Structure formats: C-alpha cells, structure tokens
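J.: Handing you a structure now.
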Amino acid sequence: MNMCVPDSLRFRGLLLLASLLSCLNLFCRGKLPSEAGSSNPPDKGSWTIYTPFDWAHDGNPVYGNFITVYSDGAGADLKQQVCELAEQQFSDIMLEFQFENTADFIFPPGYNRIDIYINRFHTENIAWAYWGGFLITIRVEPLDTRWQRYLNYTAKHELVHVFEFLIEGKIDLFADVWFKEGLAVYLADPETAGFNPVDTVAELDAWIARNQDHPDQGNPIAIHRQSDFPPNADRTYYYLMFELAIRYLLDERGGMGSLDNVLDLMYDIRNNIAFESSFEDRFELNMEEFETEFYTRLRTYLQ
Ligand SMILES: [Zn+2]
C-alpha cells in the first residue's frame with residue numbers, strides 16, 4: 001500500500017519527474033552554496049533557540065539546497081547521506097502538497113535554512129522537530145539496515161512537521177496532536193519503519209477492546225493535547241490510529257478531503273484561526289461530531 005501518493009497517474013508522473021530533476025540538482029557539500037546568498041549562517045543553530053537542547057556542533061556542517069546538517073560528531077559520509085535524503089524528502093513533501101512558493105515559508109527570525117542536527121553522542125534518545133529544523137539521534141555509522149529504515153521514516157516524519165512549522169510560521173504547531181502526528185505518520189508511511197497500518201475492522205475492534213477501561217476507549221480524536229494521553233498509553237499504536245484518522249479524512253471513500261485542505265488549514269493557523277474552526281471549515285466536518293462518530297465511521301470505512 002502506497003499511502004503517501006494520491007492514486008492518480010498524473011500525480012505519479014509528476015512525482016517521478018520531480019524525483020529525477022531533484023536527483024540531477026541534488027547537491028550537498030561542505031560549504032554554503034552561493035545560490036543561498038553570501039551571508040554566513042548565524043553563530044548558533046536554530047535548535048539552540050527553539051528546543052531545550054543547547055548543543056554545540058563540530059564546526060563542519062554539510063549544506064544542501066534548503067538544508068544544513070550539523071552534528072556533534074557524525075562523520076562526513078553520514079552528514080552527506082542525511083543531507084541528500086532530507087533534501088529529496090523535503091522536495092517530495094512540497095510536491096505532495098503541490099507547493100512551490102518557497103519564498104512564502106516563514107523561517108524563525110534570522111534564519112533562512114532548515115537545520116538538521118544528528119545527535120551521535122548526547123545521551124537523549126530523541127527525534128524532535130521545531131520551528132526551523134529537527135534533531136535526530138543516530139547511534140551507529142555506517143548505518144545498518146535497521147538504522148537506515150529508522151532514518152528513512154523519521155527524517156520524513158520530522159520534515160512533515162518542519163513543513164507545517166514553516167507554513168504556520170509560529171514557535172509551536174497549533175493543530176491537535178492527533179492531526180499533526182497523524183499527518184506526519186501518514187506521509188512518512190508507517191510501513192517504511194516496519195509498522196503495519198491499521199486496516200481491518202478486526203484490528204479496530206481489538207484496539208477498542210484493549211482500551212475498554214479508558215473513558216475514550218482509545219479514541220484517537222480525543223487526543224487533542226499531549227496531556228490527553230491516558231497514563232501508560234501505547235503511544236506507538238495511538239500514532240497508527242492517528243494515521244488511520246488522516247487516511248480516512250483524505251480518502252474518497254472517507255472524508256473526501258485532500259492535502260489542499262490540509263495546506264489551507266495550515267495557512268488558517270498562520271492567520272490565527274483556531275484549529276477546530278478551520279478543521280470544520282476545510283473538511284466540512286464538525287470536530288465534536290467526528291470524535292463521537294469516529295468508531296462508527298471507521299468501521300464502515302474499513303469494511
Ligand atoms: Zn511527530
């Protein structure tokens with residue numbers, strides 16, 4: 001199942017063309033490319049300002065078109081590999097949203113590139129997206145198959161968040177947890193990371209049965225904020241349920257929405273419209289209704 005590409009030949013053709021073009025144009029190198037302007041990058045990477053991790057880097061970043069890859073000690077090959085992968089994935093995301101106007105991105109003040117920081121040696125095992133980039137933990141190099149799959153999935157997941165940050169242009173993402181995480185999992189494709197998406201009524205019923213004791217019976221739409229997760233929640237499975245909610249919304253047999261609607265919603269948030277009212281407007285679906293009817297709607301959808 002290829003969930004990240006809408007099922008249209010025209011779109012597949014576009015994607016292929018853009019992949020080829022961006023392969024030809026792809027470059028990641030040890031000096032800031034002149035096309036990006038002659039100004040030197042700021043002294044402090046954006047993660048030192050927009051995350052709790054004020055980490056130093058080794059002074060040898062690798063520069064791509066949009067992206068700079070920093071690290072506390074990853075080798076040049078790993079930085080290069082992450083840079084090329086992330087450049088490709090970010091252009092794939094722009095294509096999926098049919099978004100070309102990069103001048104419309106709102107970067108944090110003083111920054112104009114996406115910063116990625118490869119955490120090789122700090123103890124925190126994190127993948128953390130913020131306004132301007134993301135941090136990713138990688139413990140081995142060269143990458144074995146398992147770490148390669150982790151990187152392929154995680155980089156795309158975090159870049160979807162970064163895309164959303166750059167459209168919304170704010171220090172936080174203001175969409176509900178189920179929505180923003182579902183979107184990132186959906187576009188990164190859980191199968192890339194070796195997870196099976198929820199796609200049968202039996203799996204849905206098993207999840208509801210496992211969550212009988214929780215007031216919301218594991219209803220993903222009830223997770224508006226981080227604090228809404230029940231204690232000891234199976235977050236991995238919640239994320240798969242978030243993905244199912246987004247897949248439903250964007251499916252012709254489901255909510256009949258599109259990534260256009262998602263992009264419009266991000267712009268609404270840029271314009272300080274509350275997530276809930278933008279959601280109702282863009283998907284023609286009341287949020288409370290969607291939450292109440294979620295299991296009924298999804299049971300029909302998965303049959
Ligand atoms: Zn995420």
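By order in the structure tokens, chains are A, B, ...; within a chain, residues start at 1; ligands start at 1, following the order shown.
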If you run DSSP on the backbone, which residues of segment 74-281 of chain A are strand (DSSP E or B), as a list in words?

T.: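 Taking segment 74-281 of chain A and keeping strand (DSSP E or B) only, one gets Ile114, Asp115, Ile116, Tyr117, Ile118, Asn119, Ala127, Trp128, Ala129, Tyr130, Gly133, Phe134, Leu135, Ile136 and Thr137 of chain A.
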
J.: Do you know which residues are at most 10 Å from segment 143-157 of chain A counting only C-alpha atoms, after dropping those on the same chain fewer than 4 positions away, and could you put them as a ChimeraX atom specification?

T.: /A:78,81-82,85-86,88-90,92-93,116,127-129,134-139,161-162,181-194

J.: Can I get the selected residues back with C-alpha atoms, as a PDB file, in the first residue's frame?

T.:
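out.pdb, freshly written:
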```pdb
ATOM      1  CA  LEU A  78      26.701  10.256   7.375  1.00  0.00           C
ATOM      2  CA  GLN A  81      23.760  10.891   3.430  1.00  0.00           C
ATOM      3  CA  VAL A  82      21.286  12.598   5.775  1.00  0.00           C
ATOM      4  CA  LEU A  85      17.929  12.069   1.891  1.00  0.00           C
ATOM      5  CA  ALA A  86      16.341  15.084   3.611  1.00  0.00           C
ATOM      6  CA  GLN A  88      14.888  14.581  -1.506  1.00  0.00           C
ATOM      7  CA  GLN A  89      12.202  14.038   1.128  1.00  0.00           C
ATOM      8  CA  PHE A  90      11.536  17.746   1.577  1.00  0.00           C
ATOM      9  CA  ASP A  92       8.764  15.175  -2.134  1.00  0.00           C
ATOM     10  CA  ILE A  93       6.683  16.800   0.625  1.00  0.00           C
ATOM     11  CA  ILE A 116      19.138  19.218  10.987  1.00  0.00           C
ATOM     12  CA  ALA A 127      13.756  12.910  17.379  1.00  0.00           C
ATOM     13  CA  TRP A 128      12.467  16.457  17.846  1.00  0.00           C
ATOM     14  CA  ALA A 129      11.007  18.804  15.232  1.00  0.00           C
ATOM     15  CA  PHE A 134      14.812  18.848  13.681  1.00  0.00           C
ATOM     16  CA  LEU A 135      17.161  16.857  15.878  1.00  0.00           C
ATOM     17  CA  ILE A 136      17.625  13.146  15.215  1.00  0.00           C
ATOM     18  CA  THR A 137      19.549  10.576  17.241  1.00  0.00           C
ATOM     19  CA  ILE A 138      21.707   8.139  15.279  1.00  0.00           C
ATOM     20  CA  ARG A 139      23.970   5.789  17.228  1.00  0.00           C
ATOM     21  CA  HIS A 161       6.343  18.796  10.964  1.00  0.00           C
ATOM     22  CA  VAL A 162       9.023  21.242   9.730  1.00  0.00           C
ATOM     23  CA  GLU A 181       1.061  13.411  14.238  1.00  0.00           C
ATOM     24  CA  GLY A 182      -1.377  11.528  12.006  1.00  0.00           C
ATOM     25  CA  LEU A 183      -0.305  13.663   9.063  1.00  0.00           C
ATOM     26  CA  ALA A 184       3.406  13.057   9.749  1.00  0.00           C
ATOM     27  CA  VAL A 185       2.911   9.287  10.104  1.00  0.00           C
ATOM     28  CA  TYR A 186       0.665   9.150   7.010  1.00  0.00           C
ATOM     29  CA  LEU A 187       3.131  10.983   4.750  1.00  0.00           C
ATOM     30  CA  ALA A 188       6.199   9.184   6.118  1.00  0.00           C
ATOM     31  CA  ASP A 189       4.346   5.833   5.677  1.00  0.00           C
ATOM     32  CA  PRO A 190       4.488   3.560   8.758  1.00  0.00           C
ATOM     33  CA  GLU A 191       5.493   0.612   6.568  1.00  0.00           C
ATOM     34  CA  THR A 192       8.823   2.349   5.925  1.00  0.00           C
ATOM     35  CA  ALA A 193       9.543   1.858   9.621  1.00  0.00           C
ATOM     36  CA  GLY A 194       8.187  -1.700   9.623  1.00  0.00           C
TER      37      GLY A 194
END
```

J.: When you look at Phe97 of chain A with a cut-off of 8 Å (counting only C-alpha atoms), what residues show up, excluding the ones that are within fewer than 5 positions of it in the same chain? I need them as an MDAnalysis selection string.

T.: chainID A and resid 259:260 263

J.: Can you tell me, as a short mmCIF file (atom, residue, chain, number, x, y, z; two decimals) with N, CA and C atoms, in the first residue's frame, what residues are no more than 12 Å from segment 73-76 of chain A when counting only C-alpha atoms, ignoring any on the same chain fewer than 6 positions away?

T.:
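Final output, selection-v8.cif:
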```cif
data_model
loop_
_atom_site.label_atom_id
_atom_site.label_comp_id
_atom_site.auth_asym_id
_atom_site.auth_seq_id
_atom_site.Cartn_x
_atom_site.Cartn_y
_atom_site.Cartn_z
N CYS A 28 24.90 18.38 -1.91
CA CYS A 28 25.14 18.63 -0.51
C CYS A 28 26.64 18.71 -0.37
N ARG A 29 27.10 19.79 0.16
CA ARG A 29 28.55 19.98 0.20
C ARG A 29 28.98 20.69 1.47
N GLY A 30 30.28 20.78 1.64
CA GLY A 30 30.83 21.28 2.90
C GLY A 30 30.89 22.79 3.01
N TRP A 55 22.89 22.44 22.15
CA TRP A 55 24.05 21.61 21.84
C TRP A 55 25.01 22.30 20.88
N ALA A 56 26.31 22.16 21.16
CA ALA A 56 27.33 22.66 20.23
C ALA A 56 27.44 21.69 19.06
N HIS A 57 28.02 22.18 17.94
CA HIS A 57 28.28 21.26 16.82
C HIS A 57 29.77 21.29 16.49
N ASP A 58 30.18 20.37 15.60
CA ASP A 58 31.61 20.17 15.37
C ASP A 58 32.23 21.18 14.40
N GLY A 59 31.45 22.15 13.92
CA GLY A 59 32.01 23.19 13.05
C GLY A 59 32.13 22.80 11.59
N ASN A 60 31.67 21.58 11.25
CA ASN A 60 31.73 21.14 9.86
C ASN A 60 30.38 20.71 9.32
N PRO A 61 29.45 21.66 9.21
CA PRO A 61 28.14 21.28 8.66
C PRO A 61 28.23 20.97 7.17
N VAL A 62 27.21 20.27 6.67
CA VAL A 62 27.09 20.00 5.24
C VAL A 62 25.86 20.74 4.73
N TYR A 63 26.01 21.44 3.59
CA TYR A 63 24.94 22.30 3.08
C TYR A 63 24.30 21.70 1.84
N VAL A 82 22.50 12.01 5.18
CA VAL A 82 21.29 12.60 5.77
C VAL A 82 20.86 13.82 4.97
N CYS A 83 21.83 14.62 4.53
CA CYS A 83 21.53 15.82 3.76
C CYS A 83 20.83 15.45 2.45
N TYR A 117 20.15 18.42 13.03
CA TYR A 117 21.27 18.10 13.93
C TYR A 117 21.28 16.60 14.17
N ILE A 118 22.36 15.94 13.77
CA ILE A 118 22.50 14.50 14.05
C ILE A 118 23.13 14.35 15.42
N ASN A 119 22.35 13.81 16.34
CA ASN A 119 22.86 13.57 17.70
C ASN A 119 23.51 12.20 17.75
N ARG A 120 24.85 12.18 17.79
CA ARG A 120 25.57 10.89 17.87
C ARG A 120 25.88 10.55 19.33
N PHE A 121 26.20 11.56 20.15
CA PHE A 121 26.82 11.25 21.44
C PHE A 121 26.10 11.79 22.67
N HIS A 122 25.14 12.69 22.49
CA HIS A 122 24.38 13.12 23.67
C HIS A 122 23.47 11.98 24.11
N ILE A 136 17.84 14.59 15.34
CA ILE A 136 17.62 13.15 15.21
C ILE A 136 18.81 12.42 15.86
N THR A 137 18.50 11.35 16.58
CA THR A 137 19.55 10.58 17.24
C THR A 137 19.93 9.39 16.36
N ILE A 138 21.21 9.28 16.05
CA ILE A 138 21.71 8.14 15.28
C ILE A 138 22.94 7.62 16.00
N ARG A 139 22.91 6.33 16.37
CA ARG A 139 23.97 5.79 17.23
C ARG A 139 25.05 5.01 16.49
N VAL A 140 24.83 4.67 15.24
CA VAL A 140 25.84 3.87 14.54
C VAL A 140 26.16 4.52 13.20
N GLU A 141 27.38 4.32 12.74
CA GLU A 141 27.72 4.67 11.37
C GLU A 141 28.90 3.81 10.94
N PRO A 142 28.87 3.31 9.68
CA PRO A 142 27.79 3.50 8.71
C PRO A 142 26.49 2.84 9.18
N LEU A 143 25.37 3.24 8.58
CA LEU A 143 24.07 2.74 9.01
C LEU A 143 23.87 1.29 8.60
#
```

J.: For Tyr238 of chain A, which residue among A:Phe275, A:Tyr130, A:Trp178, A:Phe66 is the nearest when counting only C-alpha atoms?

T.: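 Going through A:Phe275, A:Tyr130, A:Trp178, A:Phe66 one by one, the smallest distance to Tyr238 of chain A is for A:Trp178.
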
J.: Which parts of segment 159-264 of chain A does DSSP call helix (DSSP H, G or I) when run on the backbone here, written out as a ChimeraX atom specification?

T.: /A:159-168,177-188,190-193,201-210,220-222,226-228,235-250,259-264

J.: Those selected residues, please, written with C-alpha atoms and delivered as a PDB file, in the first residue's frame.

T.:
```pdb
ATOM      1  CA  LEU A 159      10.244  17.093   7.858  1.00  0.00           C
ATOM      2  CA  VAL A 160       6.436  16.997   7.587  1.00  0.00           C
ATOM      3  CA  HIS A 161       6.343  18.796  10.964  1.00  0.00           C
ATOM      4  CA  VAL A 162       9.023  21.242   9.730  1.00  0.00           C
ATOM      5  CA  PHE A 163       6.973  21.965   6.581  1.00  0.00           C
ATOM      6  CA  GLU A 164       3.970  22.679   8.816  1.00  0.00           C
ATOM      7  CA  PHE A 165       6.082  24.976  11.048  1.00  0.00           C
ATOM      8  CA  LEU A 166       7.333  26.926   8.017  1.00  0.00           C
ATOM      9  CA  ILE A 167       3.798  27.418   6.672  1.00  0.00           C
ATOM     10  CA  GLU A 168       2.322  28.361  10.044  1.00  0.00           C
ATOM     11  CA  VAL A 177      -1.928  16.133  18.406  1.00  0.00           C
ATOM     12  CA  TRP A 178      -3.993  13.507  16.536  1.00  0.00           C
ATOM     13  CA  PHE A 179      -3.990  15.675  13.416  1.00  0.00           C
ATOM     14  CA  LYS A 180      -0.364  16.806  13.221  1.00  0.00           C
ATOM     15  CA  GLU A 181       1.061  13.411  14.238  1.00  0.00           C
ATOM     16  CA  GLY A 182      -1.377  11.528  12.006  1.00  0.00           C
ATOM     17  CA  LEU A 183      -0.305  13.663   9.063  1.00  0.00           C
ATOM     18  CA  ALA A 184       3.406  13.057   9.749  1.00  0.00           C
ATOM     19  CA  VAL A 185       2.911   9.287  10.104  1.00  0.00           C
ATOM     20  CA  TYR A 186       0.665   9.150   7.010  1.00  0.00           C
ATOM     21  CA  LEU A 187       3.131  10.983   4.750  1.00  0.00           C
ATOM     22  CA  ALA A 188       6.199   9.184   6.118  1.00  0.00           C
ATOM     23  CA  PRO A 190       4.488   3.560   8.758  1.00  0.00           C
ATOM     24  CA  GLU A 191       5.493   0.612   6.568  1.00  0.00           C
ATOM     25  CA  THR A 192       8.823   2.349   5.925  1.00  0.00           C
ATOM     26  CA  ALA A 193       9.543   1.858   9.621  1.00  0.00           C
ATOM     27  CA  VAL A 201     -12.323  -3.896  11.355  1.00  0.00           C
ATOM     28  CA  ALA A 202     -10.820  -6.700  13.468  1.00  0.00           C
ATOM     29  CA  GLU A 203      -7.767  -4.537  14.310  1.00  0.00           C
ATOM     30  CA  LEU A 204     -10.045  -1.602  15.132  1.00  0.00           C
ATOM     31  CA  ASP A 205     -12.189  -3.769  17.423  1.00  0.00           C
ATOM     32  CA  ALA A 206      -9.115  -5.255  19.101  1.00  0.00           C
ATOM     33  CA  TRP A 207      -7.864  -1.709  19.848  1.00  0.00           C
ATOM     34  CA  ILE A 208     -11.257  -0.691  21.314  1.00  0.00           C
ATOM     35  CA  ALA A 209     -11.325  -3.864  23.436  1.00  0.00           C
ATOM     36  CA  ARG A 210      -7.795  -3.161  24.720  1.00  0.00           C
ATOM     37  CA  PRO A 220      -7.600   8.984  18.731  1.00  0.00           C
ATOM     38  CA  ILE A 221      -9.640  12.159  18.098  1.00  0.00           C
ATOM     39  CA  ALA A 222      -9.883  12.588  21.891  1.00  0.00           C
ATOM     40  CA  GLN A 226      -0.128  15.749  24.877  1.00  0.00           C
ATOM     41  CA  SER A 227      -1.794  15.779  28.308  1.00  0.00           C
ATOM     42  CA  ASP A 228      -4.815  13.900  26.867  1.00  0.00           C
ATOM     43  CA  ARG A 235       1.798   5.665  22.017  1.00  0.00           C
ATOM     44  CA  THR A 236       3.054   3.683  19.042  1.00  0.00           C
ATOM     45  CA  TYR A 237      -0.426   2.275  18.467  1.00  0.00           C
ATOM     46  CA  TYR A 238      -2.037   5.659  19.123  1.00  0.00           C
ATOM     47  CA  TYR A 239       0.177   7.059  16.329  1.00  0.00           C
ATOM     48  CA  LEU A 240      -1.079   4.315  13.994  1.00  0.00           C
ATOM     49  CA  MET A 241      -4.643   5.277  14.941  1.00  0.00           C
ATOM     50  CA  PHE A 242      -3.841   8.942  14.217  1.00  0.00           C
ATOM     51  CA  GLU A 243      -2.593   7.844  10.795  1.00  0.00           C
ATOM     52  CA  LEU A 244      -5.849   5.953  10.231  1.00  0.00           C
ATOM     53  CA  ALA A 245      -7.829   9.110  11.048  1.00  0.00           C
ATOM     54  CA  ILE A 246      -5.874  11.154   8.488  1.00  0.00           C
ATOM     55  CA  ARG A 247      -6.092   8.381   5.873  1.00  0.00           C
ATOM     56  CA  TYR A 248      -9.867   8.337   6.368  1.00  0.00           C
ATOM     57  CA  LEU A 249     -10.150  12.127   6.059  1.00  0.00           C
ATOM     58  CA  LEU A 250      -8.178  12.190   2.798  1.00  0.00           C
ATOM     59  CA  LEU A 259      -3.792  17.703   1.089  1.00  0.00           C
ATOM     60  CA  ASP A 260      -5.017  21.022  -0.337  1.00  0.00           C
ATOM     61  CA  ASN A 261      -7.451  21.183   2.589  1.00  0.00           C
ATOM     62  CA  VAL A 262      -4.578  20.390   4.963  1.00  0.00           C
ATOM     63  CA  LEU A 263      -2.442  23.166   3.458  1.00  0.00           C
ATOM     64  CA  ASP A 264      -5.353  25.615   3.739  1.00  0.00           C
TER      65      ASP A 264
END
```

J.: Find the distance between atom CA of Asp104 of chain A and atom CA of Asn272 of chain A and write it in Å to one decimal.

T.: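 Calculated distance between atom CA of Asp104 of chain A and atom CA of Asn272 of chain A is 16.6 Å.
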
J.: Which of these, A:Leu173, A:Val69, A:Ser46, A:Thr102, has the shortest distance to ligand 1 once you count only C-alpha atoms and all ligand atoms?

T.: A:Leu173
